[in-house]
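Colleague: You'll find entry33.cif just under this line, and it carries mmCIF, C-alpha atoms.
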```cif
data_run
#
loop_
_atom_site.label_atom_id
_atom_site.label_comp_id
_atom_site.auth_asym_id
_atom_site.auth_seq_id
_atom_site.Cartn_x
_atom_site.Cartn_y
_atom_site.Cartn_z
CA SER A 16 -6.57 5.91 -69.63
CA SER A 17 -7.85 2.81 -67.92
CA ALA A 18 -9.93 5.05 -65.64
CA GLN A 19 -12.41 5.67 -68.45
CA GLN A 20 -12.36 2.12 -69.81
CA ASN A 21 -15.93 1.31 -68.72
CA ALA A 22 -17.19 4.64 -70.06
CA MET A 23 -15.49 4.01 -73.41
CA ASP A 24 -17.04 0.56 -73.60
CA TYR A 25 -20.43 2.18 -73.00
CA PHE A 26 -19.83 4.97 -75.54
CA GLY A 27 -18.59 2.41 -78.07
CA GLN A 28 -21.81 0.45 -77.73
CA LYS A 29 -23.87 3.62 -78.23
CA TYR A 30 -21.68 4.56 -81.21
CA GLN A 31 -22.38 1.23 -82.90
CA GLU A 32 -26.10 1.72 -82.35
CA ALA A 33 -26.07 5.28 -83.68
CA VAL A 34 -23.75 4.91 -86.70
CA SER A 35 -24.24 1.92 -88.98
CA GLY A 36 -21.07 -0.15 -89.33
CA ALA A 37 -19.10 1.98 -86.85
CA THR A 38 -16.87 0.47 -84.18
CA LEU A 39 -14.53 1.81 -81.51
CA ALA A 40 -11.27 0.07 -80.66
CA TYR A 41 -10.16 1.43 -77.28
CA THR A 42 -7.13 -0.06 -75.52
CA ALA A 43 -6.97 0.72 -71.80
CA SER A 44 -3.19 0.54 -71.55
CA GLY A 45 -2.72 3.54 -69.26
CA SER A 46 -2.59 7.30 -69.70
CA GLY A 47 1.13 7.31 -70.52
CA SER A 48 0.72 5.15 -73.58
CA GLY A 49 -2.44 7.07 -74.50
CA ARG A 50 -0.46 10.28 -74.83
CA THR A 51 2.52 8.57 -76.48
CA ASN A 52 0.33 6.85 -79.07
CA PHE A 53 -1.53 10.07 -79.83
CA VAL A 54 1.54 12.21 -80.44
CA GLY A 55 3.02 9.34 -82.44
CA GLY A 56 0.00 9.28 -84.74
CA GLN A 57 -0.90 5.70 -83.87
CA VAL A 58 -4.42 6.54 -82.69
CA ASP A 59 -7.06 9.04 -83.82
CA PHE A 60 -7.51 10.38 -80.29
CA GLY A 61 -5.80 9.65 -77.00
CA GLY A 62 -7.36 9.02 -73.60
CA SER A 63 -5.40 10.40 -70.65
CA ASP A 64 -6.04 11.47 -67.06
CA SER A 65 -3.09 13.87 -67.26
CA PRO A 66 -2.44 16.55 -69.89
CA LEU A 67 0.34 16.40 -72.44
CA THR A 68 3.77 17.50 -71.24
CA ASP A 69 5.37 20.59 -72.78
CA GLU A 70 7.48 18.34 -75.01
CA GLN A 71 4.43 16.32 -76.05
CA ILE A 72 2.48 19.51 -76.87
CA GLN A 73 5.13 20.32 -79.48
CA GLN A 74 5.07 16.75 -80.79
CA ALA A 75 1.28 16.85 -80.94
CA SER A 76 1.38 20.06 -82.97
CA GLU A 77 3.60 18.32 -85.52
CA ARG A 78 1.29 15.30 -85.57
CA CYS A 79 -1.70 17.63 -86.09
CA GLU A 80 -0.09 19.26 -89.15
CA GLY A 81 0.91 22.38 -87.22
CA ASN A 82 -2.39 22.72 -85.35
CA GLU A 83 -3.07 22.74 -81.62
CA ALA A 84 -4.08 19.59 -79.77
CA TRP A 85 -7.07 20.01 -77.47
CA HIS A 86 -7.75 18.38 -74.10
CA LEU A 87 -11.46 17.64 -73.78
CA PRO A 88 -12.46 16.49 -70.25
CA PHE A 89 -15.26 14.12 -71.29
CA VAL A 90 -15.32 11.52 -68.54
CA ILE A 91 -15.65 12.65 -64.95
CA GLY A 92 -14.80 9.90 -62.49
CA PRO A 93 -14.59 10.53 -58.75
CA VAL A 94 -11.64 8.72 -57.21
CA ALA A 95 -12.43 6.53 -54.23
CA VAL A 96 -10.15 5.60 -51.39
CA ALA A 97 -11.40 2.02 -51.53
CA TYR A 98 -10.83 -0.59 -48.85
CA ASN A 99 -11.60 -4.17 -47.91
CA LEU A 100 -11.85 -4.59 -44.14
CA GLU A 101 -13.94 -7.36 -42.64
CA GLY A 102 -16.62 -6.06 -40.28
CA VAL A 103 -16.18 -2.39 -41.21
CA ASP A 104 -18.88 -1.12 -43.54
CA GLU A 105 -18.33 2.61 -43.04
CA LEU A 106 -15.04 4.42 -42.58
CA ASN A 107 -14.03 8.05 -42.13
CA LEU A 108 -10.55 9.20 -43.08
CA SER A 109 -9.00 12.67 -43.01
CA THR A 110 -6.77 13.58 -45.93
CA GLU A 111 -3.83 13.63 -43.51
CA ASN A 112 -4.49 10.04 -42.47
CA VAL A 113 -4.90 8.98 -46.09
CA ALA A 114 -1.47 10.44 -46.82
CA LYS A 115 0.06 8.69 -43.80
CA ILE A 116 -1.48 5.35 -44.81
CA PHE A 117 -0.11 5.48 -48.35
CA LYS A 118 3.26 6.69 -47.06
CA GLY A 119 3.47 3.77 -44.65
CA GLU A 120 3.33 5.86 -41.47
CA ILE A 121 0.03 4.28 -40.37
CA THR A 122 0.23 0.50 -40.68
CA LYS A 123 -2.63 -0.90 -38.55
CA TRP A 124 -6.35 -0.39 -39.03
CA ASN A 125 -6.90 0.16 -35.30
CA ASP A 126 -4.26 2.92 -35.16
CA GLU A 127 -5.37 5.61 -32.73
CA ALA A 128 -5.38 8.25 -35.49
CA ILE A 129 -7.98 6.26 -37.48
CA ALA A 130 -9.91 5.31 -34.33
CA ALA A 131 -10.27 8.99 -33.39
CA GLU A 132 -12.15 9.62 -36.63
CA ASN A 133 -14.39 6.56 -36.25
CA GLU A 134 -15.88 6.63 -32.77
CA GLY A 135 -18.07 3.64 -32.07
CA VAL A 136 -16.55 1.58 -34.88
CA GLU A 137 -14.73 -1.60 -33.85
CA LEU A 138 -11.54 -1.43 -35.89
CA PRO A 139 -9.60 -4.71 -36.10
CA ASP A 140 -5.89 -5.14 -35.39
CA THR A 141 -5.34 -5.89 -39.07
CA ASP A 142 -2.32 -4.84 -41.11
CA ILE A 143 -3.02 -2.19 -43.73
CA ALA A 144 -2.10 -3.51 -47.18
CA VAL A 145 -1.54 -0.67 -49.64
CA VAL A 146 -2.12 -1.48 -53.30
CA TYR A 147 -0.98 1.07 -55.88
CA ARG A 148 -0.90 1.36 -59.66
CA SER A 149 2.27 -0.27 -61.00
CA ASP A 150 1.84 1.18 -64.50
CA GLU A 151 2.36 4.80 -65.55
CA SER A 152 -0.96 6.22 -64.50
CA GLY A 153 -2.85 9.50 -64.68
CA THR A 154 -4.84 8.31 -61.67
CA THR A 155 -1.60 8.05 -59.69
CA ASP A 156 -0.55 11.49 -60.93
CA ASN A 157 -3.83 13.05 -59.82
CA PHE A 158 -3.92 11.17 -56.51
CA GLN A 159 -0.44 12.38 -55.61
CA LYS A 160 -1.31 15.94 -56.63
CA PHE A 161 -4.34 15.66 -54.38
CA LEU A 162 -2.23 14.47 -51.42
CA LYS A 163 0.29 17.27 -51.96
CA ALA A 164 -2.46 19.89 -52.08
CA SER A 165 -4.52 18.56 -49.17
CA ALA A 166 -1.77 17.22 -46.87
CA PRO A 167 1.36 19.17 -47.91
CA GLU A 168 3.23 18.59 -44.66
CA ILE A 169 3.03 14.82 -45.17
CA TRP A 170 3.11 14.16 -48.91
CA GLU A 171 5.84 15.58 -51.12
CA THR A 172 6.03 13.53 -54.33
CA ASP A 173 4.00 13.67 -57.52
CA GLY A 174 4.06 12.13 -60.98
CA GLN A 175 2.58 9.17 -62.77
CA GLN A 176 4.64 6.53 -60.98
CA PHE A 177 3.70 5.75 -57.39
CA PRO A 178 6.69 5.95 -55.01
CA ALA A 179 6.61 2.28 -54.12
CA ALA A 180 8.02 2.59 -50.61
CA VAL A 181 5.15 0.53 -49.19
CA GLY A 182 2.62 -1.94 -50.48
CA GLU A 183 2.40 -3.80 -53.75
CA GLY A 184 1.50 -2.81 -57.28
CA ALA A 185 -1.16 -3.94 -59.73
CA ASN A 186 -1.76 -2.97 -63.33
CA GLY A 187 -4.69 -0.76 -64.30
CA SER A 188 -7.77 0.41 -62.43
CA ASN A 189 -9.43 -2.98 -62.57
CA GLY A 190 -6.21 -4.59 -61.39
CA VAL A 191 -5.87 -2.62 -58.16
CA ALA A 192 -9.57 -3.02 -57.33
CA THR A 193 -9.44 -6.77 -57.93
CA GLN A 194 -6.30 -7.13 -55.83
CA VAL A 195 -7.77 -5.25 -52.86
CA SER A 196 -10.92 -7.37 -53.04
CA ALA A 197 -8.73 -10.40 -52.31
CA ILE A 198 -6.92 -8.89 -49.29
CA ASP A 199 -8.52 -8.35 -45.89
CA GLY A 200 -7.05 -5.02 -44.84
CA GLY A 201 -6.39 -3.85 -48.39
CA ILE A 202 -6.67 -0.23 -49.52
CA THR A 203 -6.15 1.55 -52.82
CA TYR A 204 -7.03 4.65 -54.82
CA VAL A 205 -9.27 3.92 -57.79
CA GLU A 206 -12.16 5.33 -59.78
CA ALA A 207 -15.42 4.85 -57.94
CA GLY A 208 -16.98 2.58 -60.56
CA PHE A 209 -14.24 -0.02 -60.22
CA ALA A 210 -14.57 0.03 -56.41
CA THR A 211 -18.31 -0.55 -56.71
CA GLN A 212 -17.86 -3.40 -59.20
CA GLN A 213 -15.59 -5.24 -56.76
CA GLY A 214 -17.86 -4.59 -53.76
CA LEU A 215 -15.21 -2.55 -51.94
CA GLY A 216 -15.89 -0.08 -49.15
CA VAL A 217 -15.45 3.58 -50.04
CA ALA A 218 -14.12 5.86 -47.31
CA ASN A 219 -15.83 9.12 -46.41
CA LEU A 220 -13.05 11.71 -46.71
CA ASP A 221 -12.60 14.75 -44.48
CA PHE A 222 -11.13 17.52 -46.61
CA GLY A 223 -11.29 19.93 -43.68
CA SER A 224 -15.03 20.50 -43.27
CA GLY A 225 -16.12 17.10 -41.97
CA ALA A 226 -16.29 13.59 -43.41
CA THR A 227 -17.88 13.72 -46.86
CA GLU A 228 -19.51 10.83 -48.68
CA LEU A 229 -18.63 10.26 -52.31
CA ASN A 230 -21.78 10.71 -54.39
CA LYS A 231 -23.10 12.60 -57.39
CA ASP A 232 -24.18 15.61 -55.33
CA THR A 233 -20.91 16.09 -53.43
CA VAL A 234 -18.90 15.72 -56.64
CA GLY A 235 -21.28 18.21 -58.25
CA VAL A 236 -20.45 20.83 -55.61
CA ALA A 237 -16.76 20.45 -56.48
CA LEU A 238 -17.39 20.65 -60.23
CA GLU A 239 -19.34 23.88 -59.82
CA ASN A 240 -16.02 25.50 -58.93
CA LEU A 241 -14.10 24.02 -61.89
CA GLU A 242 -11.38 26.27 -63.33
CA PHE A 243 -9.07 25.82 -66.33
CA LEU A 244 -5.41 26.57 -66.94
CA THR A 245 -5.97 27.01 -70.67
CA GLU A 246 -8.40 28.95 -72.80
CA GLY A 247 -10.95 28.30 -75.51
CA ASN A 248 -11.57 24.76 -76.69
CA ASN A 249 -8.42 23.43 -74.99
CA MET A 250 -9.60 22.61 -71.46
CA VAL A 251 -6.82 21.63 -69.06
CA MET A 252 -8.34 21.62 -65.58
CA ASP A 253 -6.73 23.49 -62.68
CA THR A 254 -6.52 20.43 -60.45
CA GLU A 255 -4.29 22.10 -57.86
CA SER A 256 -6.97 24.56 -56.82
CA MET A 257 -9.67 21.87 -56.94
CA PHE A 258 -7.72 19.33 -54.87
CA ALA A 259 -7.06 21.96 -52.18
CA MET A 260 -10.77 22.77 -51.97
CA ASN A 261 -12.20 22.88 -48.46
CA GLU A 262 -15.87 23.59 -48.98
CA GLU A 263 -18.56 21.95 -46.93
CA GLY A 264 -20.40 19.26 -48.87
CA ALA A 265 -17.79 19.07 -51.65
CA TYR A 266 -15.88 15.94 -52.73
CA PRO A 267 -13.03 17.37 -54.84
CA LEU A 268 -11.02 14.16 -55.36
CA VAL A 269 -12.24 13.98 -58.93
CA LEU A 270 -10.39 12.73 -61.97
CA ALA A 271 -11.22 13.96 -65.45
CA SER A 272 -10.20 11.78 -68.36
CA TYR A 273 -9.29 13.88 -71.36
CA GLU A 274 -9.96 12.91 -74.93
CA ILE A 275 -6.91 14.46 -76.63
CA VAL A 276 -7.70 15.41 -80.21
CA CYS A 277 -6.27 17.44 -83.06
CA SER A 278 -8.12 20.74 -83.40
CA ALA A 279 -7.40 20.41 -87.12
CA GLY A 280 -5.10 18.44 -89.39
CA TYR A 281 -7.08 15.20 -89.71
CA ASP A 282 -8.02 13.90 -93.12
CA GLU A 283 -11.70 14.37 -93.92
CA SER A 284 -12.73 10.81 -93.07
CA THR A 285 -10.90 10.73 -89.71
CA SER A 286 -12.24 14.14 -88.71
CA ALA A 287 -15.79 12.96 -89.41
CA MET A 288 -15.32 9.76 -87.38
CA VAL A 289 -13.78 11.55 -84.39
CA LYS A 290 -16.58 14.11 -84.36
CA ASP A 291 -19.26 11.44 -84.77
CA PHE A 292 -17.92 9.40 -81.89
CA LEU A 293 -17.48 12.37 -79.53
CA THR A 294 -20.96 13.63 -80.40
CA VAL A 295 -22.43 10.25 -79.46
CA ALA A 296 -20.33 10.26 -76.26
CA LEU A 297 -21.79 13.65 -75.34
CA GLU A 298 -25.31 12.40 -75.99
CA SER A 299 -24.58 9.39 -73.76
CA GLN A 300 -23.94 11.36 -70.57
CA ASP A 301 -26.93 9.65 -68.99
CA GLN A 302 -28.11 7.28 -66.27
CA GLY A 303 -26.34 4.38 -67.92
CA LEU A 304 -23.02 6.21 -67.56
CA GLU A 305 -23.83 7.12 -63.97
CA ASP A 306 -24.58 3.48 -63.18
CA LEU A 307 -20.98 2.71 -64.16
CA GLY A 308 -19.67 5.05 -61.46
CA TYR A 309 -19.10 8.21 -63.49
CA VAL A 310 -20.65 11.67 -63.16
CA PRO A 311 -22.40 12.73 -66.40
CA VAL A 312 -21.39 16.17 -67.66
CA THR A 313 -24.24 18.67 -67.80
CA GLY A 314 -24.90 22.38 -68.07
CA ALA A 315 -22.13 24.80 -68.96
CA HIS A 316 -19.44 22.11 -69.17
CA ALA A 317 -21.48 20.00 -71.59
CA GLU A 318 -22.00 23.11 -73.72
CA ARG A 319 -18.26 23.82 -73.74
CA LEU A 320 -17.53 20.31 -74.94
CA ALA A 321 -20.19 20.45 -77.65
CA THR A 322 -18.71 23.70 -78.97
CA ALA A 323 -15.24 22.16 -79.09
CA VAL A 324 -16.37 18.98 -80.87
CA GLU A 325 -18.18 21.02 -83.49
CA ALA A 326 -15.02 23.06 -84.09
CA ILE A 327 -12.75 20.07 -84.85
CA GLN A 328 -11.59 20.17 -88.47
#
```
Will you turn the file into structure tokens for me?
Modeller:
Amino acid sequence: SSAQQNAMDYFGQKYQEAVSGATLAYTASGSGSGRTNFVGGQVDFGGSDSPLTDEQIQQASERCEGNEAWHLPFVIGPVAVAYNLEGVDELNLSTENVAKIFKGEITKWNDEAIAAENEGVELPDTDIAVVYRSDESGTTDNFQKFLKASAPEIWETDGQQFPAAVGEGANGSNGVATQVSAIDGGITYVEAGFATQQGLGVANLDFGSGATELNKDTVGVALENLEFLTEGNNMVMDTESMFAMNEEGAYPLVLASYEIVCSAGYDESTSAMVKDFLTVALESQDQGLEDLGYVPVTGAHAERLATAVEAIQ
């Protein structure tokens, strides 16, 4: 997962400080390779914004010596609809208009559908330049699931490859944010921290109860209603119900990056290292993480994660 790259860099620094001689080598090559490398036994844990497929769950069980692999949603990163539009510092977009933009049905920034949601804003006659993830991406998977849930009459596709009918691709979260920063009229979907780093505008999204700003509090309202498709220490989030959320003051376009681990089956040394690192990562859900654009886990969810980490064998 490249979505959690900045968080992993931060956790790795904390890990070095906490455990003498310890280092973390994290390669942000995309969620697809994160899952592939995990089930192939090439990494001690995988980072992915999408859960393992049914086939990969079986492969992971074999890799984990017959034990279950767990999805631990450690890094919570709200996804921004980020734009670069000269002279426009604040922008409201309904989920329907977001879907139409990324489908290529709205192509100008002063389109009457956008203008209707931004009274008093002087929108330029600038072409909309869509930038999407060119690599296999959990962010793309979640963004498409969000569009299907929130604008089902407009958006029909899903999966980790963006249907490149419009726009141009860039590799990784940092790649799409950097590309949009160089295009007047550019727009993309990317984790909030990367949008902030590149100085991009972040649209206020209307999920059905009015335009909602992306911030810690509005994301918190969405997370309060978090549900899981799995039980126990394996925590696959029910994103479909979350993405369809229409609650006032909630920003449900949230991506959780899973640390995919073996529940058991590691050798003693690897088990200790994985648990040490994840324990430090849990203790580092602080202001420093928030400053990078993530939402620190707290309360009941933090307790769930701590219980799972302790149970790894």
Colleague: For the point (-8.7, -7.5, -58.4) in the file's frame, write as a VMD selection string all residues with an atom no more than 12 Å away, counting all atoms listed in the file.
Modeller: chain A and resid 98 to 99 146 to 148 184 to 198 201 to 203 205 209 to 215
Colleague: Between A:Gly27, A:Gly47, A:Gly264, A:Pro66, which one has atoms that come closest to Val251 in chain A, using only C-alpha atoms?
Modeller: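 The answer is A:Pro66, which sits nearest to Val251 in chain A.
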Colleague: Restricting the calculation to only C-alpha atoms: of A:Asp156, A:Asp253, A:Asp221, A:Glu305, which residue gets closest to Asn112 in chain A?
Modeller: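 Closest residue, counting only C-alpha atoms: A:Asp221.
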Colleague: I'd like to see the residues matched by the PyMOL selection byres ((chain A and resi 84-94) around 8) on this file, and ideally I'd get them as number ranges by chain.
Modeller: A: 18-19, 22, 66, 72, 75-76, 79, 82-83, 95-96, 204-208, 229, 234, 248-251, 268-278, 297, 308-312, 320, 323
Colleague: Check what the PyMOL selection byres ((chain A and resi 63) around 6) selects in the file above and give those residues as JSON, numbers by chain.
Modeller: {"A": [16, 46, 49, 62, 64, 65, 272, 273]}
Colleague: Which residue is closest to Glu120 in chain A? Choose from A:Gly61, A:Leu162, A:Val181, A:Val295 and count only C-alpha atoms.
Modeller: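 Nearest candidate to Glu120 in chain A out of A:Gly61, A:Leu162, A:Val181, A:Val295: A:Val181.
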Colleague: Name the closest residue to Glu151 in chain A among the candidates A:Ser17, A:Ser35, A:Asn133, A:Ser299; distances are taken between atoms, counting all atoms listed in the file.
Modeller: A:Ser17
Colleague: Report the residues retrieved by the PyMOL selection byres ((chain A and resi 258) around 12) from the displayed file, expressed as a VMD selection string.
Modeller: chain A and resid 93 to 94 110 157 to 167 222 to 223 234 237 to 238 240 to 242 252 to 257 259 to 262 265 to 270
Colleague: Need to verify the contact set: Val103 in chain A, 12 Å, all atoms listed in the file, exclusion of same-chain residues closer than 6 positions in sequence. Can you return it as a list in words?
Modeller: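 Near Val103 in chain A, the qualifying residues are Trp124, Asn125, Asn133, Gly135, Val136, Glu137, Leu138, Pro139, Thr141, Asp199, Gly200, Leu215, Gly216, Val217 and Ala218 of chain A.
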Colleague: Please report the interatomic distance between CA of Asp126 in chain A and CA of Thr155 in chain A in Å with one decimal.
Modeller: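 So the two atoms, CA of Asp126 in chain A and CA of Thr155 in chain A, lie 25.2 Å apart.
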Colleague: Quote the spacing between CA of Thr68 in chain A and CA of Gln328 in chain A in Å to one decimal place.
Modeller: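 Calculated distance between CA of Thr68 in chain A and CA of Gln328 in chain A is 23.2 Å.
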Colleague: Tell me which of A:Ser152, A:Gln302, A:Ser286, A:Gln71 sits closest to Val324 in chain A, counting only C-alpha atoms.
Modeller: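 Among A:Ser152, A:Gln302, A:Ser286, A:Gln71, it is A:Ser286 that comes nearest to Val324 in chain A.
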Colleague: Expressed in Å to a single decimal, how great is the separation between CA of Ala144 in chain A and CA of Leu100 in chain A?
Modeller: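 If I compute the distance from CA of Ala144 in chain A to CA of Leu100 in chain A, I get 10.3 Å.
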